[in-house]
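Here's run33.cif, which has mmCIF, C-alpha atoms and all ligand atoms:
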data_target
#
loop_
_atom_site.label_atom_id
_atom_site.label_comp_id
_atom_site.auth_asym_id
_atom_site.auth_seq_id
_atom_site.Cartn_x
_atom_site.Cartn_y
_atom_site.Cartn_z
CA MET A 1 -25.26 21.11 -9.32
CA ARG A 2 -28.40 20.54 -11.34
CA ILE A 3 -29.80 17.01 -11.33
CA SER A 4 -29.50 16.77 -15.09
CA ASP A 5 -25.82 17.71 -14.85
CA PHE A 6 -25.25 15.17 -12.10
CA ASP A 7 -26.89 12.54 -14.28
CA LEU A 8 -24.66 13.44 -17.21
CA TYR A 9 -21.55 12.74 -15.12
CA LYS A 10 -23.10 9.69 -13.52
CA ASP A 11 -23.84 8.12 -16.92
CA LEU A 12 -20.52 9.13 -18.44
CA LEU A 13 -18.49 7.68 -15.56
CA LYS A 14 -20.53 4.49 -15.40
CA GLU A 15 -19.98 3.93 -19.11
CA LYS A 16 -16.29 4.86 -19.29
CA SER A 17 -14.85 3.46 -16.06
CA GLY A 18 -17.62 1.63 -14.22
CA LEU A 19 -17.57 4.17 -11.40
CA THR A 20 -20.95 4.31 -9.72
CA LEU A 21 -21.61 7.84 -8.58
CA THR A 22 -24.20 8.14 -5.84
CA PRO A 23 -25.81 11.49 -5.02
CA ASP A 24 -24.04 11.61 -1.65
CA LYS A 25 -20.75 11.73 -3.57
CA SER A 26 -21.79 14.61 -5.82
CA TYR A 27 -19.54 16.98 -3.86
CA LEU A 28 -16.63 15.04 -5.39
CA LEU A 29 -17.64 16.31 -8.81
CA ASP A 30 -17.09 19.91 -7.72
CA SER A 31 -13.82 19.36 -5.94
CA ARG A 32 -12.21 17.09 -8.51
CA LEU A 33 -13.57 18.49 -11.76
CA THR A 34 -13.08 22.20 -11.11
CA PRO A 35 -9.33 21.85 -11.79
CA VAL A 36 -10.14 19.98 -15.02
CA ALA A 37 -12.46 22.82 -16.08
CA ARG A 38 -9.66 25.28 -15.43
CA LYS A 39 -7.22 23.21 -17.47
CA TRP A 40 -9.65 23.25 -20.39
CA ASN A 41 -10.09 27.03 -20.10
CA CYS A 42 -13.67 26.80 -18.93
CA PRO A 43 -14.67 29.62 -16.57
CA ASN A 44 -16.52 27.14 -14.37
CA LEU A 45 -17.78 23.60 -14.10
CA GLU A 46 -21.05 24.47 -15.79
CA ALA A 47 -19.24 25.61 -18.91
CA MET A 48 -17.38 22.33 -19.05
CA THR A 49 -20.59 20.39 -18.54
CA HIS A 50 -21.99 22.26 -21.51
CA ILE A 51 -19.10 21.09 -23.70
CA LEU A 52 -19.54 17.54 -22.48
CA ARG A 53 -23.18 17.66 -23.59
CA GLY A 54 -22.08 18.46 -27.13
CA MET A 55 -19.22 16.71 -28.89
CA PRO A 56 -16.42 16.65 -26.33
CA SER A 57 -12.92 15.62 -27.36
CA SER A 58 -11.87 12.23 -26.09
CA ASP A 59 -9.04 13.94 -24.19
CA LEU A 60 -11.52 15.95 -22.16
CA VAL A 61 -13.53 12.84 -21.39
CA LYS A 62 -10.33 11.07 -20.37
CA ASP A 63 -9.39 13.93 -18.03
CA VAL A 64 -12.83 13.80 -16.43
CA VAL A 65 -12.66 10.04 -15.94
CA GLU A 66 -9.13 10.16 -14.53
CA ALA A 67 -9.94 13.02 -12.19
CA MET A 68 -12.72 10.95 -10.67
CA THR A 69 -10.62 7.86 -9.88
CA THR A 70 -9.46 7.31 -6.32
CA ASN A 71 -5.79 6.32 -6.42
CA GLU A 72 -5.21 5.73 -2.71
CA THR A 73 -2.67 2.93 -2.18
CA SER A 74 0.42 2.00 -0.18
CA PHE A 75 3.25 -0.51 -0.07
CA PHE A 76 2.16 -3.87 1.40
CA ARG A 77 -1.31 -2.45 1.91
CA ASP A 78 -3.15 -4.48 4.60
CA LEU A 79 -0.10 -6.80 4.77
CA LYS A 80 -2.22 -9.97 5.07
CA PRO A 81 -2.73 -10.46 1.30
CA PHE A 82 1.04 -10.36 0.84
CA ASP A 83 1.65 -12.82 3.68
CA GLN A 84 -0.92 -15.14 2.13
CA PHE A 85 0.64 -14.75 -1.30
CA ARG A 86 3.93 -15.94 0.21
CA ASP A 87 2.51 -18.64 2.51
CA VAL A 88 -0.42 -20.04 0.52
CA ILE A 89 -0.20 -19.11 -3.14
CA LEU A 90 3.55 -19.43 -3.77
CA PRO A 91 3.79 -22.89 -2.16
CA HIS A 92 0.95 -24.09 -4.40
CA MET A 93 2.61 -22.66 -7.48
CA THR A 94 6.05 -24.07 -6.70
CA LYS A 95 4.43 -27.51 -6.47
CA SER A 96 2.24 -27.28 -9.54
CA ARG A 97 4.24 -25.32 -12.13
CA PRO A 98 7.07 -27.46 -13.50
CA SER A 99 7.57 -24.70 -16.09
CA LYS A 100 8.72 -22.49 -13.19
CA LYS A 101 6.84 -19.59 -14.72
CA LEU A 102 4.34 -17.39 -12.99
CA ARG A 103 2.27 -14.53 -14.39
CA ILE A 104 0.82 -12.07 -11.93
CA TRP A 105 -1.60 -9.27 -12.74
CA CYS A 106 -2.24 -6.23 -10.58
CA ALA A 107 -5.47 -5.17 -12.21
CA ALA A 108 -5.86 -1.68 -10.74
CA CYS A 109 -2.36 -0.90 -9.63
CA SER A 110 -2.56 2.87 -9.22
CA THR A 111 0.94 4.33 -8.64
CA GLY A 112 2.61 0.93 -8.48
CA GLN A 113 3.03 0.19 -4.78
CA GLU A 114 1.14 -3.12 -5.04
CA PRO A 115 3.11 -4.70 -7.93
CA TYR A 116 6.40 -3.38 -6.54
CA SER A 117 5.57 -4.86 -3.13
CA LEU A 118 5.11 -8.23 -4.85
CA ALA A 119 8.39 -7.78 -6.70
CA MET A 120 10.23 -7.06 -3.44
CA LEU A 121 8.52 -9.98 -1.74
CA LEU A 122 9.70 -12.29 -4.52
CA LYS A 123 13.24 -10.90 -4.21
CA GLU A 124 13.17 -11.47 -0.46
CA ASN A 125 12.29 -15.11 -1.11
CA ALA A 126 14.67 -15.57 -4.03
CA ALA A 127 16.54 -18.40 -2.31
CA LYS A 128 13.43 -20.59 -2.43
CA LEU A 129 12.60 -19.55 -5.97
CA SER A 130 15.76 -20.09 -7.93
CA GLY A 131 15.18 -20.75 -11.60
CA TRP A 132 11.74 -19.15 -11.52
CA GLN A 133 10.57 -16.54 -13.98
CA PHE A 134 8.05 -14.01 -12.79
CA GLU A 135 6.06 -11.70 -14.94
CA ILE A 136 4.24 -8.97 -13.05
CA ILE A 137 1.86 -6.79 -15.06
CA GLY A 138 0.41 -3.65 -13.50
CA THR A 139 -2.54 -2.01 -15.22
CA ASP A 140 -4.81 0.93 -14.49
CA ILE A 141 -7.33 3.03 -16.37
CA ASP A 142 -5.64 6.21 -15.21
CA THR A 143 -2.67 7.03 -17.46
CA SER A 144 -1.20 9.54 -15.02
CA VAL A 145 -0.80 6.93 -12.26
CA ILE A 146 0.67 4.48 -14.77
CA GLU A 147 3.31 7.07 -15.67
CA GLN A 148 4.17 7.53 -11.99
CA ALA A 149 4.30 3.78 -11.47
CA LYS A 150 6.72 3.40 -14.37
CA LYS A 151 8.95 6.06 -12.86
CA GLY A 152 9.07 4.22 -9.54
CA GLU A 153 9.81 7.31 -7.47
CA TYR A 154 8.04 8.01 -4.21
CA SER A 155 7.84 10.72 -1.59
CA GLN A 156 9.19 10.30 1.92
CA PHE A 157 5.64 9.99 3.11
CA GLU A 158 4.80 7.22 0.64
CA VAL A 159 7.84 5.08 1.47
CA GLN A 160 6.95 5.18 5.15
CA ARG A 161 3.50 3.72 4.76
CA GLY A 162 3.79 -0.05 4.93
CA LEU A 163 7.39 -0.37 3.75
CA PRO A 164 9.82 -1.83 6.30
CA ILE A 165 12.99 0.26 6.63
CA GLN A 166 15.15 -2.75 5.71
CA MET A 167 13.43 -2.89 2.32
CA LEU A 168 13.84 0.84 1.81
CA MET A 169 17.57 0.40 2.43
CA LYS A 170 17.84 -2.59 0.12
CA TYR A 171 15.68 -1.63 -2.82
CA PHE A 172 15.63 2.18 -3.00
CA GLU A 173 18.03 4.99 -3.75
CA GLN A 174 17.68 8.51 -2.51
CA LYS A 175 17.20 11.12 -5.22
CA ALA A 176 17.03 14.60 -3.67
CA ASP A 177 13.79 14.50 -1.67
CA ARG A 178 12.44 11.42 -3.49
CA TRP A 179 13.08 7.72 -3.11
CA ALA A 180 13.65 5.81 -6.34
CA LEU A 181 13.30 2.07 -6.72
CA LYS A 182 16.42 0.37 -7.98
CA GLN A 183 16.42 -1.02 -11.47
CA ASP A 184 16.36 -4.69 -10.42
CA ILE A 185 12.94 -4.24 -8.81
CA LYS A 186 11.63 -1.84 -11.43
CA SER A 187 12.50 -4.21 -14.24
CA MET A 188 10.36 -6.95 -12.67
CA VAL A 189 7.14 -5.05 -13.37
CA GLN A 190 5.59 -4.04 -16.69
CA TYR A 191 2.92 -1.37 -16.81
CA LYS A 192 0.07 -0.92 -19.25
CA HIS A 193 -2.97 1.25 -19.56
CA PHE A 194 -6.02 -1.00 -19.31
CA ASN A 195 -9.71 -0.52 -18.60
CA LEU A 196 -11.28 -3.37 -16.64
CA LEU A 197 -14.51 -2.92 -18.59
CA THR A 198 -12.83 -3.98 -21.84
CA PRO A 199 -12.05 -7.54 -23.05
CA MET A 200 -9.23 -9.10 -21.05
CA ALA A 201 -8.18 -11.93 -23.35
CA MET A 202 -5.54 -9.77 -25.07
CA LEU A 203 -3.61 -9.66 -21.78
CA GLY A 204 -3.13 -13.42 -21.82
CA LYS A 205 -3.57 -15.86 -18.93
CA PHE A 206 -2.65 -15.10 -15.34
CA ASP A 207 -1.94 -17.46 -12.45
CA VAL A 208 -2.63 -14.80 -9.85
CA VAL A 209 -4.72 -11.64 -10.10
CA PHE A 210 -4.64 -8.88 -7.52
CA CYS A 211 -7.81 -6.86 -8.02
CA ARG A 212 -7.99 -4.87 -4.84
CA ASN A 213 -9.99 -1.84 -3.88
CA VAL A 214 -11.46 -1.13 -7.26
CA LEU A 215 -14.65 -3.25 -7.40
CA ILE A 216 -15.97 -1.24 -4.46
CA TYR A 217 -16.53 1.63 -6.88
CA PHE A 218 -18.64 -0.45 -9.29
CA ASP A 219 -22.28 -1.48 -9.17
CA ARG A 220 -23.31 -5.14 -8.81
CA GLU A 221 -23.63 -5.83 -12.53
CA THR A 222 -20.27 -4.31 -13.39
CA LYS A 223 -18.62 -6.29 -10.58
CA GLU A 224 -20.17 -9.45 -11.99
CA THR A 225 -18.95 -8.77 -15.52
CA VAL A 226 -15.43 -7.96 -14.36
CA LEU A 227 -15.20 -11.05 -12.13
CA LYS A 228 -16.53 -13.31 -14.88
CA ASN A 229 -14.06 -11.97 -17.40
CA MET A 230 -11.30 -12.25 -14.87
CA SER A 231 -12.03 -15.88 -14.08
CA ALA A 232 -11.80 -16.55 -17.82
CA VAL A 233 -8.13 -15.46 -17.88
CA LEU A 234 -7.31 -17.76 -14.93
CA PRO A 235 -6.17 -21.36 -15.25
CA GLU A 236 -8.19 -23.93 -13.31
CA ASP A 237 -5.96 -23.40 -10.26
CA GLY A 238 -5.65 -19.63 -10.45
CA PHE A 239 -6.12 -17.16 -7.61
CA VAL A 240 -7.90 -13.82 -7.38
CA ILE A 241 -7.19 -11.53 -4.46
CA LEU A 242 -9.78 -8.89 -3.66
CA GLY A 243 -9.67 -5.94 -1.26
CA GLY A 244 -10.81 -6.10 2.36
CA ALA A 245 -14.27 -4.67 1.60
CA GLU A 246 -14.86 -6.76 -1.51
CA THR A 247 -16.27 -10.23 -2.12
CA VAL A 248 -17.72 -12.46 -4.83
CA LEU A 249 -20.52 -13.61 -2.54
CA GLY A 250 -23.90 -12.55 -3.82
CA ILE A 251 -22.33 -11.40 -7.09
CA THR A 252 -21.14 -14.42 -9.03
CA ASP A 253 -20.36 -18.09 -8.52
CA VAL A 254 -17.52 -18.30 -11.04
CA LEU A 255 -15.24 -17.82 -8.02
CA LYS A 256 -15.56 -18.78 -4.37
CA PRO A 257 -13.75 -17.72 -1.22
CA MET A 258 -10.89 -20.04 -0.35
CA ASP A 259 -11.44 -21.62 3.06
CA ASN A 260 -9.28 -20.51 5.98
CA THR A 261 -7.88 -17.53 4.16
CA ARG A 262 -9.00 -13.96 3.75
CA GLY A 263 -9.66 -12.19 0.50
CA ILE A 264 -8.48 -15.09 -1.69
CA TYR A 265 -10.84 -16.51 -4.30
CA ILE A 266 -10.50 -19.63 -6.43
CA LYS A 267 -12.60 -21.52 -8.97
CA PRO A 268 -15.27 -23.66 -7.32
CA THR A 269 -14.39 -26.54 -9.64
CA CYS A 270 -10.70 -26.59 -8.74
CA THR A 271 -9.64 -29.66 -6.80
CA THR A 272 -5.86 -29.32 -6.87
CA ILE A 273 -5.36 -26.48 -4.43
CA ALA A 274 -4.62 -27.64 -0.89
CA ILE A 275 -6.69 -25.69 1.61
CA PRO A 276 -4.56 -24.51 4.54
CA ALA A 277 -5.48 -25.72 8.02
CA ALA A 278 -7.82 -23.53 10.01
CA PRO A 279 -5.78 -20.92 11.85
CA LYS A 280 -5.22 -21.82 15.49
CA ALA A 281 -6.69 -19.44 18.03
CA ALA A 282 -4.06 -16.75 18.40
CA ALA A 283 -1.79 -17.38 21.35
CA VAL A 284 -2.39 -14.83 24.05
CA LYS A 285 0.79 -13.01 24.90
CA ALA A 286 1.41 -12.32 28.55
CA MET B 1 0.08 -2.72 29.62
CA PRO B 2 3.25 -2.45 27.49
CA SER B 3 5.33 0.67 27.94
CA CYS B 4 6.87 3.13 25.52
CA LEU B 5 9.52 5.73 26.22
CA VAL B 6 9.33 8.80 24.00
CA VAL B 7 12.67 10.57 23.75
CA ASP B 8 12.66 14.00 22.11
CA ASP B 9 13.82 17.45 23.12
CA SER B 10 10.67 19.03 21.73
CA ARG B 11 7.80 19.08 24.17
CA VAL B 12 5.35 19.39 21.28
CA VAL B 13 6.68 16.29 19.52
CA ARG B 14 6.58 14.34 22.79
CA LYS B 15 2.99 15.36 23.31
CA VAL B 16 1.92 14.31 19.80
CA ALA B 17 3.84 11.03 20.05
CA ARG B 18 2.39 10.32 23.48
CA ARG B 19 -1.16 10.61 22.16
CA ILE B 20 -0.41 8.22 19.31
CA VAL B 21 1.35 5.53 21.36
CA GLU B 22 -1.31 5.74 24.08
CA ASP B 23 -3.93 5.13 21.41
CA LEU B 24 -1.95 2.04 20.43
CA GLY B 25 -2.33 0.76 23.99
CA TYR B 26 1.00 1.79 25.49
CA ALA B 27 1.75 3.42 28.81
CA CYS B 28 3.95 6.37 27.90
CA GLU B 29 7.00 7.85 29.62
CA GLU B 30 8.90 10.86 28.32
CA ALA B 31 12.55 11.90 28.32
CA GLU B 32 14.00 15.10 26.85
CA ASP B 33 17.47 13.85 25.97
CA GLY B 34 19.54 10.68 25.73
CA GLN B 35 20.93 11.01 29.24
CA LYS B 36 17.45 11.24 30.79
CA ALA B 37 16.35 8.32 28.64
CA TYR B 38 19.30 6.27 29.87
CA GLU B 39 18.41 7.04 33.47
CA ALA B 40 14.81 6.05 32.83
CA CYS B 41 15.98 2.73 31.37
CA THR B 42 18.15 1.93 34.40
CA LYS B 43 15.00 2.25 36.52
CA ALA B 44 12.58 0.42 34.25
CA MET B 45 13.25 -1.05 30.83
CA PRO B 46 10.43 -0.09 28.43
CA ASP B 47 9.06 -2.36 25.68
CA ALA B 48 9.41 0.28 22.98
CA ILE B 49 11.43 3.46 22.53
CA LEU B 50 10.64 6.25 20.09
CA LEU B 51 13.94 8.06 19.69
CA ASP B 52 14.94 11.44 18.27
CA TRP B 53 18.49 11.84 16.92
CA ASN B 54 19.63 15.39 17.67
CA MET B 55 19.21 16.32 21.31
CA PRO B 56 21.30 18.27 23.83
CA VAL B 57 23.41 16.46 26.47
CA MET B 58 23.24 13.03 24.78
CA SER B 59 22.17 12.28 21.21
CA GLY B 60 19.81 9.51 20.24
CA ILE B 61 22.51 7.42 18.57
CA GLU B 62 24.79 7.66 21.61
CA PHE B 63 21.91 6.63 23.83
CA LEU B 64 21.10 3.66 21.58
CA GLU B 65 24.69 2.43 21.65
CA LYS B 66 24.73 2.66 25.45
CA LEU B 67 21.31 1.04 25.75
CA ARG B 68 22.33 -2.01 23.75
CA GLN B 69 25.29 -2.50 26.16
CA MET B 70 23.04 -2.56 29.24
CA PRO B 71 21.90 -5.82 30.78
CA ASN B 72 18.37 -6.26 29.29
CA GLY B 73 19.29 -3.48 26.87
CA LYS B 74 18.58 -5.72 23.88
CA GLY B 75 14.95 -6.01 24.96
CA PRO B 76 13.29 -2.77 23.88
CA LYS B 77 12.32 -2.26 20.24
CA VAL B 78 13.81 1.07 19.22
CA ILE B 79 12.29 3.22 16.52
CA PHE B 80 14.25 6.26 15.47
CA CYS B 81 12.04 9.24 14.78
CA THR B 82 14.09 12.06 13.36
CA THR B 83 14.44 14.74 10.71
CA GLU B 84 17.68 13.04 9.60
CA ASN B 85 16.41 11.50 6.38
CA ASP B 86 19.39 10.26 4.42
CA MET B 87 20.58 6.73 3.80
CA ALA B 88 23.81 7.28 5.77
CA HIS B 89 21.93 8.10 8.97
CA ILE B 90 19.45 5.29 8.45
CA THR B 91 22.25 2.77 7.92
CA ARG B 92 24.14 3.99 10.97
CA ALA B 93 21.03 3.74 13.15
CA MET B 94 20.20 0.24 11.97
CA ASN B 95 23.80 -0.89 12.51
CA ALA B 96 23.64 0.46 16.04
CA GLY B 97 20.67 -1.79 16.75
CA ALA B 98 17.59 0.25 15.87
CA ASN B 99 14.56 -1.81 14.81
CA GLU B 100 12.79 0.73 12.64
CA TYR B 101 13.25 4.26 11.40
CA ILE B 102 10.77 7.08 10.92
CA MET B 103 11.64 10.24 9.04
CA LYS B 104 9.86 13.32 10.37
CA PRO B 105 7.29 14.59 9.79
CA PHE B 106 5.28 11.58 10.88
CA ASP B 107 1.62 10.92 11.51
CA SER B 108 -0.28 8.33 13.48
CA GLU B 109 -0.60 6.08 10.45
CA ILE B 110 3.16 5.90 9.95
CA ILE B 111 3.80 5.17 13.63
CA GLU B 112 1.13 2.50 13.65
CA SER B 113 2.47 0.90 10.48
CA LYS B 114 6.02 0.83 11.90
CA PHE B 115 4.84 -0.53 15.27
CA SER B 116 3.00 -3.36 13.54
CA GLN B 117 5.91 -4.22 11.25
CA ILE B 118 8.14 -4.96 14.22
CA GLY B 119 5.44 -6.76 16.14
CA LEU B 120 4.58 -4.05 18.66
CA VAL B 121 0.92 -4.09 17.66
CA THR B 122 -1.01 -6.79 15.88
CA SER B 123 -1.63 -5.39 12.43
CA LYS B 124 -5.17 -4.65 11.39
CA SER B 125 -5.92 -7.41 8.94
CA ALA B 126 -7.79 -6.93 5.71
C1 LIG C 1 -7.95 2.69 -4.66
S1 LIG C 1 -6.90 2.29 -6.04
C2 LIG C 1 -6.35 0.68 -5.60
C3 LIG C 1 -4.88 0.48 -5.78
C4 LIG C 1 -4.33 -0.86 -5.28
N1 LIG C 1 -4.92 -1.98 -5.98
C5 LIG C 1 -4.57 -1.02 -3.79
O1 LIG C 1 -5.39 -1.81 -3.37
O2 LIG C 1 -3.91 -0.31 -3.03
C6 LIG C 1 -8.11 2.01 -7.34
C7 LIG C 1 -7.55 2.14 -8.74
O3 LIG C 1 -8.49 1.59 -9.67
C8 LIG C 1 -8.40 2.30 -10.88
N2 LIG C 1 -9.59 2.06 -11.70
C9 LIG C 1 -10.83 2.56 -11.52
N3 LIG C 1 -11.66 2.14 -12.48
C10 LIG C 1 -10.93 1.33 -13.30
C11 LIG C 1 -11.23 0.57 -14.47
N4 LIG C 1 -12.44 0.58 -15.02
N5 LIG C 1 -10.24 -0.14 -15.05
C12 LIG C 1 -8.98 -0.15 -14.49
N6 LIG C 1 -8.66 0.53 -13.39
C13 LIG C 1 -9.62 1.26 -12.79
C14 LIG C 1 -8.19 3.72 -10.42
O4 LIG C 1 -7.60 4.52 -11.43
C15 LIG C 1 -7.32 3.56 -9.18
O5 LIG C 1 -5.96 3.76 -9.48
#
Mind converting the file's structure to structure tokens?
Ligand SMILES: C[S@@+](CC[C@H](N)C(=O)[O-])C[C@H]1O[C@@H](n2cnc3c(N)ncnc32)[C@H](O)[C@@H]1O
Amino acid sequence: MRISDFDLYKDLLKEKSGLTLTPDKSYLLDSRLTPVARKWNCPNLEAMTHILRGMPSSDLVKDVVEAMTTNETSFFRDLKPFDQFRDVILPHMTKSRPSKKLRIWCAACSTGQEPYSLAMLLKENAAKLSGWQFEIIGTDIDTSVIEQAKKGEYSQFEVQRGLPIQMLMKYFEQKADRWALKQDIKSMVQYKHFNLLTPMAMLGKFDVVFCRNVLIYFDRETKETVLKNMSAVLPEDGFVILGGAETVLGITDVLKPMDNTRGIYIKPTCTTIAIPAAPKAAAVKA
Amino acid sequence: MPSCLVVDDSRVVRKVARRIVEDLGYACEEAEDGQKAYEACTKAMPDAILLDWNMPVMSGIEFLEKLRQMPNGKGPKVIFCTTENDMAHITRAMNAGANEYIMKPFDSEIIESKFSQIGLVTSKSA
């Protein structure tokens, strides 16, 4: 690919989705955009690039942006964030929310495994949470993954990554070769198309934001903007959960890592969240 | 080193499974049907058992029922690993005392995720 063509995609993606495309990833352009070129009846990628230089339709731009997103996800991905949600965040909320209302945002939810994992986790702990109302909002820039998330149907492969068999038995129904979430879990999550680069205030306030494995694709400035905007939709004692390879350190000080936890961030000014005790050295099993 | 018994009538599946469980830090034994697995368990009770369903001589479910009757037979964590992929089979296996259930085809990631869910390996944390 010519450098000028690479730059065209680099600028377009940066502007539309925040994706930072480095030259070592230029092979992704070929593999992911060739099918888009075919869909738009372009004989090759170059022909499509030519259209993009002119006055491309917004649908074409959307297809390009969506083709370049990485939608990798799984149920209870990395497990630890979900354990901490149950053991650290929920106990704080049950103490500090007399309204018994909690709003949770999965800010780049891909095909829905993350918000549905939270919904199942809340169901599993229903006995401790009676009278509570939970609102879980899943958003993503990619409309095709949002459609799949809404459907709530997964392949055999997908339901075996991270999902305990007991939960598959409890919360899913078999539909030919697919596994469909039951209505009671599906109805706990609302999905919307949303670009993290756009103003967030319209979404309302959130007590807890899962923003995992999406900032890694952005450059420093974009990360900073997104984190700042995100902290503005949090109450004083809100929580942000980032992915394993993501941090606020060196990017912004509107949030800080919560001591003795992993991947949880809170406002530096917050004084009402009890910090959990330092984890004991893991017992060595014989 | 913890031990894992891989029970499957396919030599190829046993070989693939052996590689994966050895990578997870298990010493691996193999058995080609439920009867052989039962005999292996009377000699030495493993920590984990990866169990196929359909096998000649003695099926996986029959073996599991017998295993759970043995003294110490409640010890091993049993993970079914079978092409049977419907809710009825899953329910039957879990009622018979299985700890997890894998629907073939599987890969190392699925086995690792199931092992960590039932505490056979410490999960990689974020
Ligand atoms: C790797 S997935 C992460 C899914 C899930 N949070 C997890 O950790 O498993 C990243 C998702 O971020 C979405 N994404 C990328 N840029 C975005 C943006 N600017 N606004 C909203 N979502 C975006 C992608 O479409 C993709 O589905």
Neighbourhood of ligand LIG 1 (chain C) at 7 Å, counting only C-alpha atoms and all ligand atoms, reported as a short mmCIF file (atom, residue, chain, number, x, y, z; two decimals) with C-alpha atoms, in the coordinates of the input:
data_model
loop_
_atom_site.label_atom_id
_atom_site.label_comp_id
_atom_site.auth_asym_id
_atom_site.auth_seq_id
_atom_site.Cartn_x
_atom_site.Cartn_y
_atom_site.Cartn_z
CA SER A 17 -14.85 3.46 -16.06
CA GLY A 18 -17.62 1.63 -14.22
CA LEU A 19 -17.57 4.17 -11.40
CA GLU A 66 -9.13 10.16 -14.53
CA THR A 69 -10.62 7.86 -9.88
CA THR A 70 -9.46 7.31 -6.32
CA ASN A 71 -5.79 6.32 -6.42
CA GLU A 72 -5.21 5.73 -2.71
CA THR A 73 -2.67 2.93 -2.18
CA SER A 74 0.42 2.00 -0.18
CA ARG A 77 -1.31 -2.45 1.91
CA CYS A 106 -2.24 -6.23 -10.58
CA ALA A 107 -5.47 -5.17 -12.21
CA ALA A 108 -5.86 -1.68 -10.74
CA CYS A 109 -2.36 -0.90 -9.63
CA SER A 110 -2.56 2.87 -9.22
CA THR A 111 0.94 4.33 -8.64
CA GLU A 114 1.14 -3.12 -5.04
CA THR A 139 -2.54 -2.01 -15.22
CA ASP A 140 -4.81 0.93 -14.49
CA ILE A 141 -7.33 3.03 -16.37
CA ASP A 142 -5.64 6.21 -15.21
CA VAL A 145 -0.80 6.93 -12.26
CA PHE A 194 -6.02 -1.00 -19.31
CA ASN A 195 -9.71 -0.52 -18.60
CA LEU A 196 -11.28 -3.37 -16.64
CA LEU A 197 -14.51 -2.92 -18.59
CA CYS A 211 -7.81 -6.86 -8.02
CA ARG A 212 -7.99 -4.87 -4.84
CA ASN A 213 -9.99 -1.84 -3.88
CA VAL A 214 -11.46 -1.13 -7.26
CA GLY A 243 -9.67 -5.94 -1.26
#
Worksheet item: So how many Å separate atom CA of A:Val240 and atom CA of A:Thr222, to one decimal?
Response: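 Computing the Euclidean distance for atom CA of A:Val240 and atom CA of A:Thr222 yields 16.7 Å.
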Per residue of chain B within 12 Å of chain A, what are the shortest atom pair and its distance in Å to one decimal, counting all atoms listed in the file, with rows by chain and residue number, as CSV?
residue,atom,partner,partner_atom,distance
B:Met1,CA,A:Ala286,CA,9.8
B:Pro2,CA,A:Ala286,CA,10.1
B:Ile79,CA,A:Ile165,CA,10.3
B:Phe80,CA,A:Ile165,CA,10.8
B:Cys81,CA,A:Gln160,CA,11.6
B:Thr83,CA,A:Gln156,CA,11.2
B:Glu84,CA,A:Gln156,CA,11.8
B:Asn85,CA,A:Gln156,CA,8.6
B:Asp86,CA,A:Gln174,CA,7.3
B:Met87,CA,A:Met169,CA,7.1
B:Ala88,CA,A:Met169,CA,9.9
B:His89,CA,A:Met169,CA,11.0
B:Ile90,CA,A:Met169,CA,8.0
B:Thr91,CA,A:Met169,CA,7.6
B:Arg92,CA,A:Met169,CA,11.4
B:Ala93,CA,A:Ile165,CA,10.9
B:Met94,CA,A:Gln166,CA,8.6
B:Asn95,CA,A:Gln166,CA,11.2
B:Ala98,CA,A:Ile165,CA,10.3
B:Asn99,CA,A:Ile165,CA,8.6
B:Glu100,CA,A:Ile165,CA,6.0
B:Tyr101,CA,A:Ile165,CA,6.2
B:Ile102,CA,A:Gln160,CA,7.2
B:Met103,CA,A:Gln156,CA,7.5
B:Lys104,CA,A:Gln156,CA,9.0
B:Pro105,CA,A:Phe157,CA,8.3
B:Phe106,CA,A:Phe157,CA,7.9
B:Asp107,CA,A:Phe157,CA,9.4
B:Ser108,CA,A:Arg161,CA,10.6
B:Glu109,CA,A:Arg161,CA,7.4
B:Ile110,CA,A:Arg161,CA,5.6
B:Ile111,CA,A:Arg161,CA,9.0
B:Glu112,CA,A:Arg161,CA,9.3
B:Ser113,CA,A:Gly162,CA,5.8
B:Lys114,CA,A:Pro164,CA,7.3
B:Phe115,CA,A:Pro164,CA,10.3
B:Ser116,CA,A:Gly162,CA,9.3
B:Gln117,CA,A:Pro164,CA,6.7
B:Ile118,CA,A:Pro164,CA,8.7
B:Gly119,CA,A:Lys285,CA,11.7
B:Leu120,CA,A:Lys285,CA,11.6
B:Val121,CA,A:Lys285,CA,11.5
B:Thr122,CA,A:Ala282,CA,10.7
B:Ser123,CA,A:Leu79,CA,7.9
B:Lys124,CA,A:Asp78,CA,7.1
B:Ser125,CA,A:Asp78,CA,5.9
B:Ala126,CA,A:Gly244,CA,4.6
Worksheet item: Which of these, B:Val21, B:Val6, B:Val12, B:Ala37, has the shortest distance to B:Ser59 once you count all atoms listed in the file?
Response: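 Of B:Val21, B:Val6, B:Val12, B:Ala37, the one nearest B:Ser59, counting all atoms listed in the file, is B:Ala37.
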Discussion item. Env of B:Gly73: 10 Å cut, atoms = all atoms listed in the file, seq-sep filter 6 positions within chain, self excluded. Answer as a ChimeraX atom specification.
Written reply: /B:41-42,45-46,64-67
Worksheet entry | Residue with smallest distance to A:Asp11 - pool A:Lys223, A:Arg38, A:Ser231, A:Val65, counting all atoms listed in the file | A:Val65
Edge lengths and centre, in Å to one decimal, as lines of an AutoDock Vina configuration file: that's what I need for the box along x, y and z that holds all listed atoms of stretch 77-91 of chain B plus 3 Å on each side.
center_x = 17.9
center_y = 6.2
center_z = 12.0
size_x = 17.8
size_y = 23.0
size_z = 22.4
Fill in: Distance query A:Thr94 at most 12 Å, only C-alpha atoms, self and fewer than 5 positions along chain excluded, as a ChimeraX atom specification
/A:86-89,99-102,128-134,207,273
